[in-house]
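What follows is the content of my_file_23.cif (mmCIF, C-alpha atoms).
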data_upload
#
loop_
_atom_site.label_atom_id
_atom_site.label_comp_id
_atom_site.auth_asym_id
_atom_site.auth_seq_id
_atom_site.Cartn_x
_atom_site.Cartn_y
_atom_site.Cartn_z
CA MET A 182 0.00 0.00 0.00
CA ILE A 183 2.88 2.38 0.62
CA TYR A 184 3.65 2.37 -3.12
CA ALA A 185 0.10 3.55 -3.76
CA ALA A 186 0.65 6.53 -1.45
CA PHE A 187 3.57 7.80 -3.53
CA LEU A 188 2.01 6.97 -6.91
CA ILE A 189 -1.31 8.64 -6.10
CA ALA A 190 0.45 11.83 -4.97
CA LEU A 191 2.76 11.97 -7.99
CA PHE A 192 0.03 11.20 -10.53
CA THR A 193 -2.32 13.70 -8.89
CA GLY A 194 0.40 16.34 -9.14
CA PHE A 195 1.23 15.52 -12.76
CA LEU A 196 -2.39 15.56 -13.89
CA LEU A 197 -3.17 18.80 -12.05
CA VAL A 198 -0.08 20.54 -13.47
CA SER A 199 -0.95 19.25 -16.96
CA VAL A 200 -4.58 20.38 -16.69
CA ILE A 201 -3.45 23.88 -15.70
CA ASP A 202 -0.74 24.18 -18.38
CA ARG A 203 -0.94 21.55 -21.10
CA GLU A 204 1.79 23.15 -23.22
CA MET A 205 4.49 23.14 -20.53
CA GLU A 206 7.62 21.09 -21.17
CA LEU A 207 7.19 17.53 -19.94
CA ARG A 208 10.34 17.72 -17.77
CA PHE A 209 8.89 20.61 -15.77
CA ARG A 210 5.47 19.01 -15.49
CA LEU A 211 7.08 15.92 -14.01
CA LEU A 212 9.22 17.89 -11.56
CA PHE A 213 6.38 20.22 -10.53
CA SER A 214 4.20 17.17 -9.90
CA ILE A 215 6.24 16.48 -6.73
CA PRO A 216 5.36 19.64 -4.76
CA VAL A 217 1.88 19.95 -6.25
CA GLY A 218 0.95 16.30 -5.71
CA PHE A 219 2.21 15.97 -2.15
CA GLY A 220 1.00 19.48 -1.32
CA VAL A 221 -2.58 18.87 -2.48
CA ASN A 222 -2.80 15.42 -0.89
CA SER A 223 -1.44 16.69 2.43
CA VAL A 224 -4.15 19.36 2.43
CA ILE A 225 -6.79 16.70 1.70
CA TYR A 226 -5.43 14.56 4.53
CA PHE A 227 -5.52 17.46 7.00
CA ILE A 228 -9.08 18.37 5.99
CA SER A 229 -10.14 14.76 6.52
CA ARG A 230 -8.79 15.00 10.07
CA CYS A 231 -10.64 18.28 10.66
CA LEU A 232 -13.88 16.61 9.47
CA ASN A 233 -13.26 13.64 11.79
CA PHE A 234 -12.90 11.13 8.94
CA TYR A 235 -10.69 8.59 10.68
CA GLU A 236 -11.58 5.57 8.55
CA PHE A 237 -8.62 5.02 6.21
CA LYS A 238 -10.71 3.37 3.48
CA GLN A 239 -12.90 6.46 3.21
CA TYR A 240 -9.88 8.72 2.90
CA ALA A 241 -8.17 6.49 0.30
CA LEU A 242 -11.42 6.35 -1.68
CA PHE A 243 -11.69 10.14 -1.70
CA GLU A 244 -8.09 10.51 -2.92
CA SER A 245 -8.78 7.99 -5.66
CA ILE A 246 -11.89 9.90 -6.76
CA VAL A 247 -9.88 13.14 -6.99
CA LEU A 248 -7.27 11.34 -9.09
CA LEU A 249 -9.96 9.83 -11.34
CA VAL A 250 -11.61 13.22 -11.92
CA LEU A 251 -8.27 14.76 -12.90
CA LEU A 252 -7.60 11.80 -15.19
CA LEU A 253 -10.92 12.27 -16.97
CA ILE A 254 -10.30 16.01 -17.40
CA TYR A 255 -6.79 15.33 -18.67
CA PHE A 256 -7.82 12.84 -21.36
CA ASN A 257 -10.93 14.85 -22.22
CA GLN A 258 -8.63 17.57 -23.48
CA GLU A 259 -6.62 17.32 -26.67
CA ARG A 260 -4.69 14.05 -26.86
CA PRO A 261 -1.28 14.57 -25.22
CA ASP A 262 1.71 14.66 -27.57
CA PHE A 263 4.94 13.46 -25.99
CA SER A 264 6.95 13.28 -29.21
CA LYS A 265 8.41 16.79 -28.89
CA HIS A 266 9.60 16.28 -25.32
CA LYS A 267 13.12 14.92 -25.10
CA PHE A 268 15.39 14.43 -22.12
CA ALA A 269 19.11 15.04 -22.46
CA ARG A 270 21.41 12.29 -21.24
CA LEU A 271 23.62 13.49 -18.40
CA SER A 272 27.35 12.93 -18.26
CA LYS A 273 28.78 9.87 -16.50
CA TRP A 274 30.58 12.24 -14.10
CA PHE A 275 27.25 13.69 -12.98
CA TYR A 276 25.82 10.20 -12.42
CA LEU A 277 28.88 9.28 -10.36
CA LEU A 278 28.41 12.34 -8.16
CA ASN A 279 24.75 11.40 -7.87
CA VAL A 280 25.71 8.02 -6.40
CA TYR A 281 28.09 9.71 -3.95
CA ALA A 282 25.37 12.15 -2.85
CA VAL A 283 22.86 9.33 -2.33
CA CYS A 284 25.36 7.48 -0.12
CA ILE A 285 25.92 10.59 2.04
CA PHE A 286 22.18 11.15 2.27
CA PHE A 287 21.40 7.63 3.48
CA LYS A 288 24.42 7.59 5.78
CA TYR A 289 22.93 10.48 7.72
CA PHE A 290 19.50 8.88 7.69
CA LEU A 291 20.82 5.61 9.14
CA SER A 292 22.44 7.62 11.95
CA ASN A 293 19.22 9.60 12.59
CA PRO A 294 16.23 7.51 11.43
CA MET A 295 13.79 9.74 13.36
CA GLY A 296 15.32 12.90 11.96
CA SER A 297 17.43 15.64 13.49
CA TRP A 298 16.49 17.34 16.76
CA ASP A 299 14.10 19.70 14.95
CA GLY A 300 12.97 16.90 12.65
CA PHE A 301 11.75 14.92 15.65
CA ARG A 302 10.73 17.73 18.03
CA ILE A 303 8.85 19.90 15.55
CA TRP A 304 7.77 17.74 12.61
CA ASN A 305 7.68 13.99 13.32
CA ILE A 306 6.01 14.35 16.71
CA LYS A 307 3.20 16.26 14.98
CA ALA A 308 2.92 13.50 12.39
CA GLU A 309 2.39 11.06 15.28
CA TYR A 310 -0.54 13.14 16.56
CA LEU A 311 -2.09 13.36 13.08
CA PHE A 312 -1.64 9.60 12.70
CA LEU A 313 -3.94 9.00 15.70
CA ASN A 314 -7.39 7.75 14.74
CA SER A 315 -9.13 9.89 17.36
CA PRO A 316 -9.93 13.54 18.14
CA LEU A 317 -6.80 13.58 20.33
CA TRP A 318 -4.82 14.56 17.23
CA LYS A 319 -5.82 18.19 17.92
CA ASN A 320 -3.39 18.17 20.83
CA VAL A 321 -0.79 18.85 18.15
CA PHE A 322 -1.70 22.52 18.63
CA ALA A 323 -1.17 22.37 22.38
CA LEU A 324 2.32 20.92 22.74
CA PRO A 325 3.76 22.47 25.91
CA HIS A 326 7.16 23.81 24.82
CA PHE A 327 7.33 26.95 22.68
CA MET A 328 10.09 25.32 20.62
CA SER A 329 7.50 22.87 19.30
CA HIS A 330 6.14 25.77 17.22
CA CYS A 331 2.51 24.65 17.46
CA ASP A 332 1.47 27.35 14.97
CA TYR A 333 3.62 25.99 12.12
CA PRO A 334 1.80 24.83 8.95
CA LEU A 335 1.48 21.06 8.65
CA PHE A 336 2.63 20.08 5.16
CA VAL A 337 5.42 17.81 6.41
CA PRO A 338 3.50 16.24 9.34
CA SER A 339 0.38 15.70 7.17
CA SER A 340 2.43 14.17 4.35
CA ILE A 341 4.30 11.85 6.72
CA ALA A 342 1.14 10.84 8.62
CA ARG A 343 -0.54 10.12 5.28
CA LEU A 344 2.31 7.81 4.28
CA TRP A 345 2.07 6.07 7.66
CA GLN A 346 -1.65 5.57 7.13
CA TYR A 347 -0.98 3.76 3.87
CA SER A 348 1.78 1.73 5.56
CA GLY A 349 -0.41 0.86 8.52
CA HIS A 350 2.32 1.84 11.00
CA GLN A 351 4.95 4.50 11.66
CA SER A 352 7.26 3.70 8.76
CA PHE A 353 10.47 5.72 8.90
CA PRO A 354 11.70 4.22 5.58
CA ALA A 355 8.59 5.77 3.98
CA SER A 356 9.50 9.09 5.59
CA ILE A 357 13.01 9.08 4.22
CA VAL A 358 11.80 8.20 0.72
CA PHE A 359 9.58 11.27 0.93
CA PHE A 360 12.54 13.52 1.82
CA PHE A 361 14.76 11.73 -0.71
CA ILE A 362 12.29 12.64 -3.47
CA PHE A 363 12.25 16.30 -2.44
CA THR A 364 16.02 16.55 -1.92
CA PHE A 365 17.11 15.09 -5.25
CA GLY A 366 14.04 16.38 -7.06
CA LEU A 367 15.24 19.87 -6.11
CA VAL A 368 18.66 19.13 -7.64
CA TYR A 369 17.13 17.95 -10.92
CA LEU A 370 14.67 20.83 -11.03
CA LEU A 371 17.58 23.25 -10.78
CA TYR A 372 19.48 21.27 -13.41
CA GLN A 373 16.59 21.19 -15.90
CA ALA A 374 15.90 24.90 -15.41
CA LEU A 375 19.54 25.85 -16.04
CA HIS A 376 19.74 23.46 -18.98
CA TYR A 377 16.61 25.03 -20.46
CA PHE A 378 17.42 28.70 -19.88
CA LYS A 379 21.24 28.71 -19.95
CA SER A 380 23.33 25.72 -21.02
CA ASP A 381 24.05 22.10 -20.22
CA LYS A 382 27.63 22.77 -19.07
CA ILE A 383 26.62 25.46 -16.58
CA ALA A 384 23.81 23.25 -15.31
CA ILE A 385 26.17 20.35 -14.62
CA VAL A 386 28.80 22.51 -12.88
CA VAL A 387 26.37 24.37 -10.61
CA CYS A 388 24.22 21.33 -9.78
CA SER A 389 27.25 19.13 -9.12
CA VAL A 390 28.47 21.52 -6.43
CA PHE A 391 24.96 21.87 -5.02
CA MET A 392 24.31 18.13 -4.96
CA ILE A 393 27.47 17.02 -3.15
CA SER A 394 27.48 19.73 -0.47
CA ASP A 395 27.22 18.15 2.97
CA ILE A 396 25.11 20.97 4.39
CA PHE A 397 22.45 20.39 1.73
CA LEU A 398 22.39 16.60 2.01
CA VAL A 399 22.35 16.58 5.81
CA ASN A 400 19.44 19.02 5.92
CA GLY A 401 17.63 17.00 3.28
CA ALA A 402 17.89 13.86 5.42
CA SER A 403 17.14 15.68 8.68
CA GLN A 404 13.37 15.39 8.01
CA CYS A 405 12.72 19.11 8.44
CA ALA A 406 10.63 21.37 6.20
CA ASP A 407 13.40 23.61 4.82
CA ILE A 408 14.38 21.58 1.74
CA PRO A 409 10.74 20.99 0.68
CA LEU A 410 10.17 24.72 1.22
CA ALA A 411 13.15 25.50 -1.05
CA TYR A 412 11.55 23.24 -3.69
CA PHE A 413 8.32 25.28 -3.60
CA PHE A 414 10.26 28.55 -3.73
CA LEU A 415 12.34 27.53 -6.75
CA SER A 416 9.29 26.12 -8.53
CA GLY A 417 7.49 29.46 -8.22
CA ILE A 418 10.53 31.30 -9.58
CA ILE A 419 10.92 28.95 -12.55
CA CYS A 420 7.23 29.31 -13.39
CA LEU A 421 7.78 33.06 -13.60
CA PHE A 422 10.61 32.52 -16.10
CA LEU A 423 8.48 30.07 -18.10
CA TYR A 424 5.60 32.55 -18.14
CA PHE A 425 7.68 35.31 -19.72
CA LYS A 426 9.12 32.84 -22.21
CA GLY A 427 5.88 31.23 -23.37
CA LYS A 428 3.51 34.13 -22.62
CA ARG A 429 0.90 31.67 -21.33
CA PHE A 430 -1.08 33.03 -18.39
CA ASN A 431 -1.78 29.46 -17.23
CA THR A 432 1.92 29.11 -16.45
CA LEU A 433 1.70 32.07 -14.08
CA LEU A 434 -1.40 30.55 -12.44
CA LEU A 435 0.65 27.43 -11.81
CA GLY A 436 3.36 29.61 -10.26
CA ILE A 437 0.74 31.17 -7.98
CA LEU A 438 -0.41 27.68 -6.97
CA LEU A 439 3.13 26.50 -6.19
CA SER A 440 4.10 29.63 -4.28
CA GLY A 441 0.71 29.54 -2.55
CA LEU A 442 1.31 25.97 -1.39
CA SER A 443 4.53 27.18 0.26
CA LEU A 444 2.28 28.78 2.90
CA TRP A 445 1.33 25.25 3.93
CA VAL A 446 4.99 24.25 4.36
CA LYS A 447 6.36 26.81 6.81
CA ASN A 448 5.65 30.34 8.06
CA GLU A 449 8.41 31.69 5.80
CA GLY A 450 6.19 30.66 2.90
CA PHE A 451 3.77 33.43 3.81
CA MET A 452 6.49 36.04 3.39
CA PHE A 453 7.56 34.52 0.07
CA PHE A 454 4.01 34.40 -1.27
CA VAL A 455 3.23 38.00 -0.29
CA ILE A 456 6.46 39.23 -1.90
CA TYR A 457 5.94 37.02 -4.97
CA MET A 458 2.41 38.29 -5.57
CA ALA A 459 3.33 41.92 -4.81
CA VAL A 460 6.09 41.83 -7.44
CA VAL A 461 3.99 39.99 -10.03
CA ILE A 462 0.88 42.15 -9.62
CA GLY A 463 3.03 45.30 -9.41
CA TRP A 464 4.59 44.43 -12.76
CA MET A 465 1.17 43.79 -14.32
CA LEU A 466 -0.13 47.12 -13.10
CA TYR A 467 2.98 48.81 -14.50
CA GLN A 468 2.28 47.14 -17.86
CA LYS A 469 -1.43 48.07 -17.56
CA GLU A 470 -2.50 44.44 -17.74
CA TRP A 471 -5.57 45.10 -15.62
CA LYS A 472 -7.44 41.85 -16.28
CA LYS A 473 -4.46 39.64 -15.45
CA SER A 474 -3.70 41.62 -12.30
CA VAL A 475 -7.29 41.23 -11.05
CA ILE A 476 -7.33 37.49 -11.77
CA SER A 477 -3.95 37.06 -10.06
CA ALA A 478 -5.13 38.98 -7.01
CA ILE A 479 -8.29 36.88 -6.75
CA CYS A 480 -6.24 33.67 -7.05
CA ALA A 481 -3.89 34.94 -4.34
CA LEU A 482 -6.79 35.41 -1.94
CA VAL A 483 -7.45 31.65 -1.88
CA PRO A 484 -4.14 30.48 -0.27
CA VAL A 485 -4.03 33.55 1.98
CA GLY A 486 -7.57 32.88 3.15
CA CYS A 487 -6.76 29.21 3.80
CA TYR A 488 -3.63 30.21 5.70
CA ILE A 489 -5.58 32.60 7.94
CA ALA A 490 -8.29 29.96 8.47
CA PHE A 491 -5.63 27.45 9.54
CA LYS A 492 -4.11 29.91 11.99
CA LYS A 493 -7.51 30.55 13.56
CA PHE A 494 -8.24 26.82 13.71
CA ALA A 495 -4.86 26.09 15.32
CA ASN A 496 -5.27 29.01 17.76
CA ALA A 497 -1.61 28.61 18.76
CA PRO A 498 0.62 31.59 19.64
CA ASN A 499 3.45 32.63 17.37
CA ASP A 500 6.63 33.63 19.20
CA LEU A 501 7.52 36.38 16.71
CA ILE A 502 4.08 38.00 16.73
CA MET A 503 3.76 37.74 20.50
CA GLY A 504 7.20 39.27 20.91
CA PHE A 505 6.30 42.07 18.52
CA LEU A 506 3.02 42.92 20.28
CA VAL A 507 3.77 42.10 23.91
CA LEU A 508 7.50 42.56 24.31
CA LYS A 509 7.66 45.37 21.72
CA SER A 510 10.53 43.66 19.97
CA TYR A 511 10.16 46.13 17.08
CA SER A 512 12.40 48.42 19.18
CA PHE A 513 15.28 46.07 18.30
CA ILE A 514 15.30 47.63 14.84
CA PHE A 515 17.68 50.26 16.21
CA ASP A 516 19.96 47.75 17.99
CA LEU A 517 23.16 47.77 15.93
CA HIS A 518 24.55 44.88 17.97
CA ARG A 519 21.89 42.52 16.56
CA TYR A 520 22.84 43.54 13.01
CA ALA A 521 26.52 42.94 13.74
CA VAL A 522 25.87 39.47 15.19
CA THR A 523 23.63 38.48 12.29
CA PHE A 524 26.11 39.51 9.60
CA LYS A 525 29.03 38.00 11.52
CA VAL A 526 27.32 34.61 11.80
CA PHE A 527 26.25 34.77 8.15
CA ILE A 528 29.83 35.35 6.97
CA THR A 529 31.12 32.64 9.34
CA PHE A 530 28.58 30.12 8.03
CA VAL A 531 29.38 30.92 4.40
CA LEU A 532 33.10 30.43 5.03
CA GLN A 533 32.70 27.30 7.16
CA LYS A 534 29.54 25.44 6.08
CA PHE A 535 29.06 26.69 2.52
CA THR A 536 32.72 26.82 1.50
CA ILE A 537 32.21 24.57 -1.52
CA PHE A 538 29.87 27.11 -3.13
CA LEU A 539 32.61 29.73 -3.13
CA ALA A 540 34.31 27.67 -5.84
CA LEU A 541 31.50 28.66 -8.21
CA PHE A 542 32.67 32.27 -8.17
CA ILE A 543 35.50 31.27 -10.49
CA LEU A 544 32.76 31.22 -13.15
CA CYS A 545 32.59 35.02 -12.82
CA ILE A 546 35.92 35.35 -14.63
CA LYS A 547 34.21 36.53 -17.82
CA GLY A 548 31.74 38.78 -16.07
CA PHE A 549 27.96 38.88 -16.30
CA ARG A 550 25.43 39.40 -19.07
CA ILE A 551 21.66 39.17 -18.92
CA LYS A 552 20.08 38.12 -22.22
CA ASP A 553 17.16 40.23 -23.36
CA LYS A 554 14.76 37.28 -23.45
CA VAL A 555 15.19 36.63 -19.71
CA LYS A 556 15.87 40.19 -18.55
CA THR A 557 12.35 40.89 -17.25
CA PRO A 558 11.90 37.68 -15.23
CA PHE A 559 15.49 37.96 -14.00
CA ILE A 560 14.88 41.47 -12.64
CA LEU A 561 11.57 40.50 -11.03
CA CYS A 562 12.98 37.31 -9.47
CA SER A 563 16.08 39.14 -8.26
CA LEU A 564 13.77 41.64 -6.60
CA ILE A 565 11.90 38.78 -4.94
CA PHE A 566 15.18 37.27 -3.75
CA VAL A 567 16.49 40.56 -2.34
CA MET A 568 13.22 41.31 -0.57
CA MET A 569 13.23 37.80 0.92
CA CYS A 570 16.74 38.37 2.28
CA VAL A 571 15.70 41.70 3.77
CA GLY A 572 12.65 40.00 5.29
CA TYR A 573 14.80 37.30 6.88
CA LEU A 574 17.14 39.98 8.27
CA LEU A 575 14.25 41.89 9.84
CA VAL A 576 12.90 38.70 11.41
CA TYR A 577 16.28 38.08 13.02
CA ILE A 578 16.56 41.66 14.23
CA MET A 579 13.06 41.85 15.73
CA ALA A 580 12.78 38.28 17.06
CA PRO A 581 12.21 38.16 20.86
CA HIS A 582 15.07 35.72 21.41
CA ASP A 583 18.74 35.85 22.20
CA ILE A 584 20.22 36.86 18.86
CA ASN A 585 23.34 34.70 19.20
CA TRP A 586 21.34 31.56 19.93
CA LEU A 587 18.80 32.29 17.18
CA VAL A 588 21.17 32.89 14.27
CA GLU A 589 23.58 30.11 15.22
CA ASN A 590 20.77 27.54 15.32
CA SER A 591 18.84 28.58 12.22
CA MET A 592 21.03 30.54 9.82
CA ASP A 593 22.17 27.49 7.80
CA ARG A 594 18.58 26.36 7.20
CA ILE A 595 17.48 29.87 6.25
CA ILE A 596 20.28 30.09 3.69
CA LEU A 597 19.26 26.73 2.21
CA GLN A 598 15.69 27.94 1.72
CA VAL A 599 16.76 30.56 -0.83
CA LEU A 600 20.09 29.09 -2.01
CA PRO A 601 18.57 27.32 -5.06
CA ILE A 602 17.06 30.63 -6.18
CA PHE A 603 20.43 32.35 -5.79
CA LEU A 604 22.23 29.59 -7.73
CA PHE A 605 19.67 29.77 -10.52
CA LEU A 606 19.86 33.56 -10.86
CA PHE A 607 23.65 33.53 -10.49
CA ALA A 608 24.08 30.98 -13.29
CA ILE A 609 21.58 32.74 -15.57
CA SER A 610 23.55 35.99 -15.29
CA LEU A 611 26.97 34.56 -16.19
CA ARG A 612 28.78 35.60 -19.33
CA ILE A 613 30.50 32.31 -20.03
CA GLY A 614 30.56 29.83 -22.88
CA LYS A 615 28.07 29.46 -25.71
CA PRO A 616 24.54 28.21 -25.15
CA ASP A 617 24.19 24.47 -25.60
CA THR A 618 20.47 24.66 -26.31
CA VAL A 619 18.27 26.58 -28.69
CA ASN A 620 16.87 28.48 -25.72
#

Could you write out this file's structure as structure tokens?
Amino acid sequence: MIYAAFLIALFTGFLLVSVIDREMELRFRLLFSIPVGFGVNSVIYFISRCLNFYEFKQYALFESIVLLVLLLIYFNQERPDFSKHKFARLSKWFYLLNVYAVCIFFKYFLSNPMGSWDGFRIWNIKAEYLFLNSPLWKNVFALPHFMSHCDYPLFVPSSIARLWQYSGHQSFPASIVFFFIFTFGLVYLLYQALHYFKSDKIAIVVCSVFMISDIFLVNGASQCADIPLAYFFLSGIICLFLYFKGKRFNTLLLGILLSGLSLWVKNEGFMFFVIYMAVVIGWMLYQKEWKKSVISAICALVPVGCYIAFKKFANAPNDLIMGFLVLKSYSFIFDLHRYAVTFKVFITFVLQKFTIFLALFILCIKGFRIKDKVKTPFILCSLIFVMMCVGYLLVYIMAPHDINWLVENSMDRIILQVLPIFLFLFAISLRIGKPDTVN
């Protein structure tokens, strides 16, 4: 049954992505099916818990009906043509590095089968509550310690609990397969995007460094939400590039869906989605595309409304908001010491934990050049990236916690959330080599 859990999620994601944008390249439809499929099914699972549907057969039947409806819609459209979609064969060197990365990933998993400290304390313990076939699962919002972050969205716990339901028990191998799919799916999404918009050589170089970095693999196997969140972030950014290339509004709607689902992954997803939609709608208003801007705004209200509804349902305090309102932590904005500590730890982490990425700066030897066909999405996505970094900085500055403890215990995961976006934009801007593709 556990195989059915993965197949239903992946097929649901593929069919939904294809129904939204039939003309999208097959490689991107397949890779977007991972976040969309697991995201939608985790929402369905959580709703079933809220409606007190504890009978597994009823839940599995409902998922199957959703999949069947999407299948009928998919084949009711024009017959799919796969002949124009081709996948490039990767180099043997890249495959060899892939094997090395997989070994490192599973080595960490075998040492920590229940995840890292945060993986167990924040995410897996919530999956155990959701796995309960009784109303007691709602105690997930009343865990006693503030470090349990009871207000966090439940994409990871819902997805893991769903897999356990199909397994019939708490299956940690199923959990690690879930994180394995997201970790290496993120690598191949970055590779396919760079191959499509830049060149094969650049894609292999950048993704090779990304894939074998210990900090990335360890966090992927730690069973936390940061790597899945990075997958949703990068997917939204790539959809924006695809939209400006193909000029299909459906592609942008898919980007709104993917960035909207990031709200269900972690609180940082709310900041990303607000910035993403502000930039997109701002650009449309600048271009006087009134109809598209209105449709985009209406679509954005759906995930925001669901996010607010979840927060009210959870009724759990948020440490940042409580600190802002009660402790008046906004006064920290003038504390230069907090800025100094944040930047110091950031530089230290880059030099110690992200050293391997510094090797990529040798690619800057020929300078930078933004091609006209990607200039608009590059500027908009760079603006999103910069605003995200500023947002993270302000969160650190105004958080009601000891600044040294906070940055030292979270900075690496925060960097990983936006690192794929940085690598993508960095590679796109390079003036090096000749394009290996017609794009």

With all atoms listed in the file as the atoms that count, which of A:Tyr240, A:Phe425, A:Phe187, A:Tyr289 lies nearest to Gly218 of chain A?
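Answer, going by the shortest atom-to-atom distance: A:Phe187.
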
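Residue neighbourhood of segment 503-517 of chain A, excluding near-sequence residues (fewer than 5 positions): A:Pro498, A:Leu575, A:Ile578, A:Met579, A:Ala580, A:Pro581, at 8 Å, using all atoms listed in the file.
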
Residues of the last selection are to be written out with C-alpha atoms, as a PDB file, keeping the file's coordinate frame.
ATOM      1  CA  PRO A 498       0.620  31.590  19.640  1.00  0.00           C
ATOM      2  CA  LEU A 575      14.250  41.890   9.840  1.00  0.00           C
ATOM      3  CA  ILE A 578      16.560  41.660  14.230  1.00  0.00           C
ATOM      4  CA  MET A 579      13.060  41.850  15.730  1.00  0.00           C
ATOM      5  CA  ALA A 580      12.780  38.280  17.060  1.00  0.00           C
ATOM      6  CA  PRO A 581      12.210  38.160  20.860  1.00  0.00           C
TER       7      PRO A 581
END

Contact residues around Phe322 of chain A with only C-alpha atoms at 10 Å, ignoring same-chain residues under 3 positions, as a ChimeraX atom specification:
/A:307,310,318-319,325,329-333,494-498

With 6 Å of padding per side, what axis-aligned box (centre and edge lengths, Å, one decimal) covers all the listed atoms of segment 208-224 of chain A? Give it as AutoDock Vina command-line options.
--center_x 3.1 --center_y 18.0 --center_z -7.7 --size_x 26.5 --size_y 17.2 --size_z 32.2

Need the shell around Ile456 of chain A: protein/DNA/RNA residues with any atom at most 10 Å away, counting only C-alpha atoms. Skip same-chain ones fewer than 5 positions apart. Format as a list of chain:residue names?
A:Gly450, A:Phe451, A:Val461, A:Ile462, A:Leu564, A:Ile565, A:Phe566, A:Met568, A:Met569, A:Gly572

Can you turn the PyMOL selection byres ((chain A and resi 335) around 8) into a concrete residue list for this file, as a ChimeraX atom specification?
/A:333-334,336-339,445-447

Find the residue from A:Phe527, A:Phe542, A:Tyr276, A:Phe454 that sits nearest to Asn590 of chain A; use all atoms listed in the file when measuring.
A:Phe527

Atom CA of Ile215 of chain A to atom CA of Met392 of chain A, distance in Å rounded to a single decimal
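Computed distance, atom CA of Ile215 of chain A to atom CA of Met392 of chain A, equals 18.2 Å.
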
Quick one: pull the distance between atom CA of Asn233 of chain A and atom CA of Phe312 of chain A, Å, one decimal.
12.3 Å

What does the distance from atom CA of Leu232 of chain A to atom CA of Phe219 of chain A come to in Å, to one decimal?
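Separating atom CA of Leu232 of chain A from atom CA of Phe219 of chain A is a distance of 19.9 Å.
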
If we count only C-alpha atoms and set the cut-off at 12 Å, which residues sit around Leu242 of chain A, ignoring sequence neighbours fewer than 4 positions away in its own chain? Please answer as a list in words.
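So the residues in contact are Ile189, Ile225, Tyr226, Ser229, Phe234, Glu236, Phe237, Lys238, Ile246, Val247, Leu248 and Leu249 of chain A.
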
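Considering only C-alpha atoms, the residue among A:Asn257, A:Ser389, A:Ser340, A:Ser199 positioned nearest to Ala406 of chain A is A:Ser340.
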
Explicit residues for the PyMOL selection byres ((chain A and resi 544-556) around 8) (as a list in words)
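On the file shown, the PyMOL selection byres ((chain A and resi 544-556) around 8) covers Phe422, Phe425, Lys426, Leu541, Phe542, Ile543, Thr557, Pro558, Phe559, Ile560, Ile609, Ser610, Leu611, Arg612 and Ile613 of chain A.
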
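Using all atoms listed in the file, the contacts of Leu252 of chain A at a cut-off of 9 Å, with sequence neighbours closer than 6 positions omitted, comprise Phe192, Thr193, Leu196 and Leu197 of chain A.
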
Test item: the PyMOL selection byres ((chain A and resi 395) around 12) resolved as a PyMOL selection string:
chain A and resi 281-286+288-289+390-394+396-403+533-538+593+597

Write out the residues from the selection above, keeping C-alpha atoms, as a PDB file, keeping the file's coordinate frame.
ATOM      1  CA  TYR A 281      28.090   9.710  -3.950  1.00  0.00           C
ATOM      2  CA  ALA A 282      25.370  12.150  -2.850  1.00  0.00           C
ATOM      3  CA  VAL A 283      22.860   9.330  -2.330  1.00  0.00           C
ATOM      4  CA  CYS A 284      25.360   7.480  -0.120  1.00  0.00           C
ATOM      5  CA  ILE A 285      25.920  10.590   2.040  1.00  0.00           C
ATOM      6  CA  PHE A 286      22.180  11.150   2.270  1.00  0.00           C
ATOM      7  CA  LYS A 288      24.420   7.590   5.780  1.00  0.00           C
ATOM      8  CA  TYR A 289      22.930  10.480   7.720  1.00  0.00           C
ATOM      9  CA  VAL A 390      28.470  21.520  -6.430  1.00  0.00           C
ATOM     10  CA  PHE A 391      24.960  21.870  -5.020  1.00  0.00           C
ATOM     11  CA  MET A 392      24.310  18.130  -4.960  1.00  0.00           C
ATOM     12  CA  ILE A 393      27.470  17.020  -3.150  1.00  0.00           C
ATOM     13  CA  SER A 394      27.480  19.730  -0.470  1.00  0.00           C
ATOM     14  CA  ILE A 396      25.110  20.970   4.390  1.00  0.00           C
ATOM     15  CA  PHE A 397      22.450  20.390   1.730  1.00  0.00           C
ATOM     16  CA  LEU A 398      22.390  16.600   2.010  1.00  0.00           C
ATOM     17  CA  VAL A 399      22.350  16.580   5.810  1.00  0.00           C
ATOM     18  CA  ASN A 400      19.440  19.020   5.920  1.00  0.00           C
ATOM     19  CA  GLY A 401      17.630  17.000   3.280  1.00  0.00           C
ATOM     20  CA  ALA A 402      17.890  13.860   5.420  1.00  0.00           C
ATOM     21  CA  SER A 403      17.140  15.680   8.680  1.00  0.00           C
ATOM     22  CA  GLN A 533      32.700  27.300   7.160  1.00  0.00           C
ATOM     23  CA  LYS A 534      29.540  25.440   6.080  1.00  0.00           C
ATOM     24  CA  PHE A 535      29.060  26.690   2.520  1.00  0.00           C
ATOM     25  CA  THR A 536      32.720  26.820   1.500  1.00  0.00           C
ATOM     26  CA  ILE A 537      32.210  24.570  -1.520  1.00  0.00           C
ATOM     27  CA  PHE A 538      29.870  27.110  -3.130  1.00  0.00           C
ATOM     28  CA  ASP A 593      22.170  27.490   7.800  1.00  0.00           C
ATOM     29  CA  LEU A 597      19.260  26.730   2.210  1.00  0.00           C
TER      30      LEU A 597
END

Ranking A:Cys231, A:Leu444, A:Val221, A:Ala608 by minimum distance to Leu317 of chain A and counting all atoms listed in the file, which one comes first?
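Once distances to Leu317 of chain A are computed over all atoms listed in the file, the minimum belongs to A:Cys231.
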
Which is closest to Ile419 of chain A among A:Ile228, A:Leu606, A:Leu587, A:Ile479, if we use all atoms listed in the file?
A:Leu606
